[in-house]
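Q: Got a structure for you, questions after.
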Amino acid sequence: NSTVDSSDGWRTRQTATSTSWTTVTLAQYNASNTTADATDGWQSASIFSAPHDTWTSTTQATYDTAGNNSTVDSSDGWRTRQTATSTSWTTVTLAQYNASNTTADATDGWQTINIYTSPYDQWETTAQATYDSNNSSSASTDGWRTTTVGTPVSWTAVTVAQFNASNTTTDDTDGWRTYKSYTAPFSTYDVTTKPASNIDLLGNVVVGDLTGNTGSYNRVDAPAGGNPYADNAATAADVFALPDYSYFAQALDKIVLGECGGTVTLQTKNTADLLGAKDPFTYENSLNKTVVKTSSAFKSGTFDIAFPGENAKTITITPQWFTNLSAWSHFSWACKSKGAAYPFTETPMPDHTSWTSITLVVHANEAVSCTQMVSYHG
């Protein structure tokens, strides 16, 4: 059989309706097919298995359908070919590109270009200057990002804007991390807090302490069990702590006591009528040797006692000028403060054993009244 028709004495004919397909070579088909349809018993079918002799144009949707084009070459029965010089670009997926691109250049109709729009499939290395002039967000939505290629071994100084435009994680896995450099200029400040009670804040204000630390002032708390404040409370305290307001008067009293001196007032009374002795009596205190006198004209005399930086002072009061008191003799001493008996010690005087001096401890702003009872014998 050398011709398509029967001029060479050979032909094929259909004796019944065909029910199956027979695989022949292209040469066999070309030497026997005489009509465009199957009336001569010959017709072609698209069988997508190698080797392929002819190709049929199809739609991109059919080409892209899963299960059709599966390899870059034509071994799966599918391929793309360039019918003219490309004049435009078509956006395809990375999978589509990988399943069709067969050459490194554009001779097969496939080539890539850098299109910096999301989503991004590949990244390329660039200079930091170029990165800094184009990167506008810390994410990769602008087409720019940083990646680590190894463990960082040093620190690089950047601006806050550069850091904010690149840092994407709270740790340094993205290659970005901050460290505190306490040198000017400062872009932020650390905020620290210290717990402080109201009494601590007030105490610091009282002593002018602006450090924020507690304990630099002297604090006196209310005594437990209803006990009175110590005599030196006012001197020791910068602040009185009063969790119980009932202690307020007591604390105020100690404060006033601490700010003022004390007094000892003397009287001399006759045992006969309990009135002031008419003759002058002179008394001297041991602190500064000052004297006071009592008489019919001046019924009492007062010693003022200063307490610079002290809590209390011991004072001895001694009668003087006994030659003028020959008609009198000592009977007793009594001291009071705030209506209550006040403690003192009584000591006989050398050379005048019938007379005694008294010694007592006087506290700040404490008013003590002492009376010497004397007897008149003419």
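Following the order of the structure tokens, first chain is A, next is B, and so on, with residues numbered from 1 inside each chain and ligands from 1 in the order they appear.
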Using only C-alpha atoms, which protein or nucleic acid residues come within 6 Å of region 141-156 of chain A? Drop anything in the same chain fewer than 2 positions from it, and give the result as an NGL selection string.

A: :A and (116 or 135 or 139 or 175)

Q: Please produce a file of the residues just selected, as a short mmCIF file (atom, residue, chain, number, x, y, z; two decimals), in the first residue's frame, where the atoms kept are N, CA, C and O atoms.

A:
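Result file is selection-v9.cif:
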```cif
data_model
loop_
_atom_site.label_atom_id
_atom_site.label_comp_id
_atom_site.auth_asym_id
_atom_site.auth_seq_id
_atom_site.Cartn_x
_atom_site.Cartn_y
_atom_site.Cartn_z
N TYR A 116 6.77 43.26 42.71
CA TYR A 116 6.74 43.41 44.16
C TYR A 116 5.32 43.67 44.65
O TYR A 116 4.99 44.73 45.17
N ASN A 135 11.67 49.99 52.14
CA ASN A 135 10.89 49.28 53.14
C ASN A 135 10.00 50.24 53.91
O ASN A 135 10.47 51.22 54.47
N ALA A 139 6.10 44.20 58.20
CA ALA A 139 5.70 42.95 57.52
C ALA A 139 6.26 42.93 56.10
O ALA A 139 6.94 43.85 55.67
N GLY A 175 16.24 38.70 63.62
CA GLY A 175 17.47 39.47 63.45
C GLY A 175 17.43 40.85 64.06
O GLY A 175 18.39 41.61 63.96
#
```

Q: Could you pull out all residues of region 144-268 of chain A with a DSSP call of alpha helix (DSSP H) and give them as a VMD selection string?

A: chain A and resid 160 to 164 198 to 207 233 to 236 248 to 259

Q: Could you check which of A:Ala99, A:Phe248, A:Gln320, A:Ile255 is closest to Gly67 (chain A), using only C-alpha atoms?

A: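 Counting only C-alpha atoms, the residue closest to Gly67 (chain A) is A:Ala99.
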
Q: For a quick check of understanding, using only C-alpha atoms, which of A:Pro343, A:Val24, A:Phe298, A:Thr59 has the smallest distance to Ala277 (chain A)?

A: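 For Ala277 (chain A), the nearest of the given residues is A:Phe298.
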
Q: Need to verify the contact set: Gly212 (chain A), 9 Å, only C-alpha atoms, exclusion of same-chain residues closer than 6 positions in sequence. Can you return it as a compact mmCIF listing (two decimals) with N, CA and C atoms, in the first residue's frame?

A:
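Writing done, so here's part.txt:
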```txt
# COMPACT_ATOMS: atom_id res chain seq x y z
N LYS A 194 7.86 52.03 93.14
CA LYS A 194 8.22 51.58 94.48
C LYS A 194 6.99 51.69 95.37
N ALA A 196 4.94 52.46 98.47
CA ALA A 196 5.17 53.33 99.63
C ALA A 196 3.82 53.61 100.28
N LEU A 201 5.23 58.28 102.63
CA LEU A 201 5.27 59.47 101.76
C LEU A 201 5.30 60.74 102.61
N ASN A 204 8.71 61.21 104.34
CA ASN A 204 9.75 61.70 103.43
C ASN A 204 9.59 63.19 103.16
```

Q: Need the shell around Thr347 (chain A): protein/DNA/RNA residues with any atom at most 12 Å away, counting only C-alpha atoms. Skip same-chain ones fewer than 3 positions apart. Format as a list in words?

A: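 Once the nearby chain positions are removed, what remains is Thr316, Ile317, Thr318, Pro319, Ser332, Trp333, Phe344, Pro350, His352, Thr353, Ser354, Trp355, Thr356, Ser357, Ile358, Thr359 and Leu360 of chain A.
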
Q: Could you write out the selected residues, including C-alpha atoms, as an mmCIF file, in the first residue's frame?

A:
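Done, and the output landed in result_0.cif:
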```cif
data_model
loop_
_atom_site.group_PDB
_atom_site.id
_atom_site.type_symbol
_atom_site.label_atom_id
_atom_site.label_comp_id
_atom_site.auth_asym_id
_atom_site.auth_seq_id
_atom_site.Cartn_x
_atom_site.Cartn_y
_atom_site.Cartn_z
ATOM 1 C CA THR A 316 18.608 70.038 142.109
ATOM 2 C CA ILE A 317 16.963 72.905 143.973
ATOM 3 C CA THR A 318 18.657 74.130 147.127
ATOM 4 C CA PRO A 319 17.548 76.709 149.753
ATOM 5 C CA SER A 332 8.573 68.926 154.392
ATOM 6 C CA TRP A 333 8.651 69.048 150.585
ATOM 7 C CA PHE A 344 11.726 63.702 143.682
ATOM 8 C CA PRO A 350 25.847 69.787 154.613
ATOM 9 C CA HIS A 352 22.503 72.749 157.572
ATOM 10 C CA THR A 353 21.130 69.266 158.278
ATOM 11 C CA SER A 354 17.760 70.592 159.287
ATOM 12 C CA TRP A 355 17.304 71.784 155.704
ATOM 13 C CA THR A 356 17.149 69.632 152.561
ATOM 14 C CA SER A 357 17.549 70.054 148.832
ATOM 15 C CA ILE A 358 15.369 68.249 146.320
ATOM 16 C CA THR A 359 16.399 66.598 143.050
ATOM 17 C CA LEU A 360 13.884 65.838 140.266
#
```
